[in-house]
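Peer 1: Right, I'll just put the structure down here and ask away after.
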Amino acid sequence: MLICSALVMLMTPALAFFYGGMVRVKSTLNMLMMSFISLGIVTVLWVLYGFSMAFGTDSGSLIGWNSDWVGLSNIGLTELWDGYTIPVFVFLVFQMMFAILTPALISGALADRVKFTAWALFVALWVTVVYFPVAHWVWGAGGWAFELGVIDFAGGTAVHINAGAAALGVILVIGKRVGFKRDPMRPHSLPLVMLGAGLLWFGWFGFNAGSWLGNDDGVGALMFVNTQVATGAAVLGWLAYEKIRHGAFTTLGAASGAVSGLVAITPAGGAVSPLGAIAIGLIAGVVCAMAVGLKYKFGYDDSLDVVGVHMVGGILGSLLIGFFATGKGQSDVAGLFYGGGLDQLWKQCAGVFGVLAYSLVVSAVLAFLLDRTIGMRVSEDVEVAGIDQAEHAETAYDFSGAGGGAARTGTLPATPVAGAQSKKVDA
């Protein structure tokens, strides 16, 4: 479980590389820093009160609290997490990594245009009033979604729908980038994108399989297999759609397809068979590929497709449990295609749209308040010139030392050119 925790931690810098390669050169460092700062802020808040809010004693099915967990000062080193054979410290650090990653996911929608100070404050506020309560709803004993029976193995609602809906709420408040739908905004480093996607895929095995918390009943292994299967299928689905729609198989499409499959199988992988995982992956690959184009149709500037991949992929994976759950995985709950009727589908709908609505509205309110007080956006001049230099006093790439050979003086010998008069060239 500690190794799984380390794998999930790796996903945040992996996300930074994935997002960092997708932006223009002038925004690379800012994009990296928007993920990295979450490692600092959320870690400290999780220790101070986040773990208590998310997994403490339930209050009204909405929030948890345990004063003994504040500052993690009254937890015994050998104290076990209730119902499991792992220490509380192991469980809390595993869940800490989820809390760190989730706000970092939001940052991709806001590329090029947000003040770093405002972003850092948003992260602190957002995890406090959105992530910690939603984690309690979904995974905390007594949380309303948990008690309703909503299946979310590793974060389809609490992580991906939560982050995707938050991203949509914020961008509706802060507006579009300068030049949106007019200027080319192509990824500056597709190799960096592929590196990030590969590291995300690797870390996701800890994210997904680790969420069974070390139980030895085989469900963790099923989740591991389904994670690989759905992701591979999603790559194929996205690329097939891309080839038919745009005429080419792109590396960006392969990387995005992989992430869409990882997102979609996250809530569902412990409840479906490998064949169900293939179906979920293919559906997610195609539908998410279609969804990323909605920003141009509806005019919201989701810079790096957080809404199209994470929100849509999370919705798909969560709802498809209601169809593909076999009743032979993490529980005996069966979906519609396995004779279970519509009962689980309605529960999944309640979880999906409850989290989506709460995160969307509260995130938009937070962005509005920050924008009206300290201001969320950099100036237009800074955005056009490049946010890296203004916010971080650095640039991602320094070419100042990339000159040619040693300087020479004098006159080079003339080089005869066919059909042209020889001439001397001043070095």
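Residue names in the structure tokens use chain letters A, B, ... in the order shown, residue numbers from 1 in each chain, and ligand numbers from 1 in the order shown.
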Show which residues sit within 9 Å of Leu320 of chain A, as a list in words. Count only C-alpha atoms, and ignore same-chain residues fewer than 6 positions away.

Peer 2: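 The residues satisfying every condition are Ala264, Ala268, Ile280, Gly335, Leu345 and Gln348 of chain A.
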
Peer 1: Using only C-alpha atoms, find each residue of segment 30-116 of chain A with at least one atom at most 12 Å away from an atom of segment 365-384 of chain A; report its shortest atom-to-atom pair and that distance in Å (one decimal), sort the rows by chain and rising residue number, and return the result as JSON lines.

Peer 2:
```
{"residue": "A:Asn30", "atom": "CA", "partner": "A:Glu383", "partner_atom": "CA", "distance": 11.5}
{"residue": "A:Leu110", "atom": "CA", "partner": "A:Arg377", "partner_atom": "CA", "distance": 9.6}
{"residue": "A:Ala111", "atom": "CA", "partner": "A:Glu383", "partner_atom": "CA", "distance": 10.0}
{"residue": "A:Asp112", "atom": "CA", "partner": "A:Glu383", "partner_atom": "CA", "distance": 6.3}
{"residue": "A:Arg113", "atom": "CA", "partner": "A:Arg377", "partner_atom": "CA", "distance": 5.5}
{"residue": "A:Val114", "atom": "CA", "partner": "A:Arg377", "partner_atom": "CA", "distance": 4.4}
{"residue": "A:Lys115", "atom": "CA", "partner": "A:Val378", "partner_atom": "CA", "distance": 5.4}
{"residue": "A:Phe116", "atom": "CA", "partner": "A:Met376", "partner_atom": "CA", "distance": 8.6}
```

Peer 1: Using only C-alpha atoms, which protein or nucleic acid residues come within 7 Å of segment 323-329 of chain A? Drop anything in the same chain fewer than 6 positions from it, and give the result as a PyMOL selection string.

Peer 2: chain A and resi 219+270-273+276+335-338

Peer 1: Deliver the residues from the most recent selection as a file, using N, CA, C and O atoms, as a compact mmCIF listing (two decimals), in the first residue's frame.

Peer 2:
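Now in again_17.txt:
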```txt
# COMPACT_ATOMS: atom_id res chain seq x y z
N VAL A 219 -9.97 -8.97 -6.03
CA VAL A 219 -10.60 -7.83 -6.68
C VAL A 219 -9.56 -6.79 -7.09
O VAL A 219 -9.66 -6.17 -8.15
N GLY A 270 -13.62 -2.49 -10.60
CA GLY A 270 -13.81 -3.57 -9.64
C GLY A 270 -15.14 -4.27 -9.77
O GLY A 270 -15.37 -5.30 -9.13
N ALA A 271 -16.01 -3.75 -10.63
CA ALA A 271 -17.37 -4.29 -10.75
C ALA A 271 -17.63 -4.97 -12.08
O ALA A 271 -18.65 -5.64 -12.24
N VAL A 272 -16.72 -4.80 -13.06
CA VAL A 272 -16.98 -5.32 -14.40
C VAL A 272 -15.94 -6.37 -14.76
O VAL A 272 -14.88 -6.48 -14.15
N SER A 273 -16.25 -7.14 -15.80
CA SER A 273 -15.32 -8.14 -16.31
C SER A 273 -14.34 -7.49 -17.29
O SER A 273 -14.57 -6.35 -17.73
N GLY A 276 -16.18 -6.31 -20.22
CA GLY A 276 -16.85 -5.05 -19.90
C GLY A 276 -15.88 -3.89 -19.92
O GLY A 276 -16.22 -2.78 -20.35
N GLY A 335 -25.52 -5.14 -13.01
CA GLY A 335 -26.07 -4.11 -13.87
C GLY A 335 -27.16 -4.62 -14.78
O GLY A 335 -27.51 -5.81 -14.77
N LEU A 336 -27.68 -3.74 -15.60
CA LEU A 336 -28.80 -4.06 -16.48
C LEU A 336 -28.50 -5.23 -17.40
O LEU A 336 -29.35 -6.10 -17.61
N PHE A 337 -27.29 -5.29 -17.97
CA PHE A 337 -26.95 -6.35 -18.91
C PHE A 337 -26.70 -7.69 -18.24
O PHE A 337 -26.52 -8.71 -18.92
N TYR A 338 -26.67 -7.70 -16.92
CA TYR A 338 -26.44 -8.94 -16.17
C TYR A 338 -27.62 -9.27 -15.26
O TYR A 338 -27.47 -9.94 -14.25
```

Peer 1: When you look at segment 298-300 of chain A with a cut-off of 8 Å (counting only C-alpha atoms), what residues show up, excluding the ones that are within fewer than 5 positions of it in the same chain? I need them as a list in words.

Peer 2: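 Near segment 298-300 of chain A, the qualifying residues are Ile171, Leu172, Gly175 and Lys176 of chain A.
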
Peer 1: Limited to all heavy atoms, could you put the picked residues into a file as a JSON list (two decimals), in the first residue's frame?

Peer 2:
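Output (again-v7.json):
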```
[["chain", "number", "residue", "atom", "x", "y", "z"],
["A", 171, "ILE", "N", -13.82, 28.18, -15.61],
["A", 171, "ILE", "CA", -13.60, 28.82, -16.91],
["A", 171, "ILE", "C", -14.82, 29.62, -17.37],
["A", 171, "ILE", "O", -14.68, 30.60, -18.12],
["A", 171, "ILE", "CB", -13.19, 27.79, -18.00],
["A", 171, "ILE", "CG1", -14.23, 26.70, -18.17],
["A", 171, "ILE", "CG2", -11.83, 27.21, -17.68],
["A", 171, "ILE", "CD1", -13.83, 25.63, -19.19],
["A", 172, "LEU", "N", -16.00, 29.25, -16.90],
["A", 172, "LEU", "CA", -17.17, 30.07, -17.21],
["A", 172, "LEU", "C", -17.09, 31.43, -16.53],
["A", 172, "LEU", "O", -17.66, 32.41, -17.01],
["A", 172, "LEU", "CB", -18.44, 29.34, -16.80],
["A", 172, "LEU", "CG", -18.81, 28.09, -17.61],
["A", 172, "LEU", "CD1", -20.06, 27.42, -17.03],
["A", 172, "LEU", "CD2", -19.01, 28.42, -19.09],
["A", 175, "GLY", "N", -13.33, 33.30, -18.18],
["A", 175, "GLY", "CA", -13.36, 33.60, -19.61],
["A", 175, "GLY", "C", -12.26, 32.92, -20.42],
["A", 175, "GLY", "O", -11.49, 32.11, -19.91],
["A", 176, "LYS", "N", -12.22, 33.30, -21.67],
["A", 176, "LYS", "CA", -11.36, 32.64, -22.66],
["A", 176, "LYS", "C", -9.96, 33.24, -22.69],
["A", 176, "LYS", "O", -9.74, 34.36, -22.27],
["A", 176, "LYS", "CB", -11.98, 32.78, -24.06],
["A", 176, "LYS", "CG", -13.44, 32.37, -24.17],
["A", 176, "LYS", "CD", -13.98, 32.70, -25.54],
["A", 176, "LYS", "CE", -15.47, 32.39, -25.67],
["A", 176, "LYS", "NZ", -16.29, 33.27, -24.80]]
```

Peer 1: Near Val235 of chain A, counting only C-alpha atoms, which residues have an atom at most 12 Å away, once you skip same-chain residues fewer than 6 positions from it, shown as a PyMOL selection string?

Peer 2: chain A and resi 197+201+228-229+241-242+249-262+278+280-289

Peer 1: For Gly71 of chain A, find every residue with an atom within 10 Å (counting only C-alpha atoms), except residues of its own chain fewer than 5 positions away, and show them as a PDB file with C-alpha atoms, in the first residue's frame.

Peer 2:
```
ATOM      1  CA  VAL A  44      -0.231  20.406   4.695  1.00  0.00           C
ATOM      2  CA  LEU A  45      -4.019  20.889   4.720  1.00  0.00           C
ATOM      3  CA  TRP A  46      -4.596  17.129   4.718  1.00  0.00           C
ATOM      4  CA  VAL A  47      -2.484  16.820   7.860  1.00  0.00           C
ATOM      5  CA  LEU A  48      -4.103  19.799   9.589  1.00  0.00           C
ATOM      6  CA  TYR A  49      -7.761  18.972   8.954  1.00  0.00           C
ATOM      7  CA  GLY A  50      -8.410  17.363   5.567  1.00  0.00           C
ATOM      8  CA  PHE A  51      -8.178  13.745   6.672  1.00  0.00           C
ATOM      9  CA  SER A  52     -10.498  14.467   9.573  1.00  0.00           C
TER      10      SER A  52
END
```

Peer 1: Hey, can you check how far atom CA of Gly351 of chain A sits from atom CA of Ser331 of chain A?

Peer 2: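 Distance between the two atoms: 17.5 Å.
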
Peer 1: Can you pull out every residue within 9 Å of Val159 of chain A, counting only C-alpha atoms, but drop anything in the same chain fewer than 3 positions away, and send it as a list in words?

Peer 2: Phe98, Ala99, Leu101, Thr102, Pro103, Leu105, Tyr131, Val134, Ala135, Ala154, Gly155, Gly156, Asn162, Ala163, Gly164, His310 and Gly314 of chain A

Peer 1: Could you tell me, as a VMD selection string, which residues of segment 122-233 of chain A DSSP assigns to alpha helix (DSSP H) when given the backbone?

Peer 2: chain A and resid 122 to 126 132 to 139 144 to 148 162 to 174 190 to 209 219 to 233

Peer 1: Which distance in Å separates atom CA of Gly218 of chain A and atom CA of Gly237 of chain A, to one decimal?

Peer 2: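 Interatomic distance here is 28.3 Å.
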
Peer 1: Pick the closest to His392 of chain A from A:Thr117, A:Ser38, A:Thr43, A:Ser67: which is it, counting only C-alpha atoms?

Peer 2: A:Thr117

Peer 1: What is the atom CA of Gly308 of chain A to atom CA of Trp126 of chain A distance in Å?

Peer 2: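 Computing the Euclidean distance for atom CA of Gly308 of chain A and atom CA of Trp126 of chain A yields 20.8 Å.
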
Peer 1: So, counting only C-alpha atoms, which residue among A:Leu2, A:Leu304, A:Val127, A:Ala393 is closest to Ala54 of chain A?

Peer 2: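 The shortest atom-to-atom distance to Ala54 of chain A comes from A:Val127.
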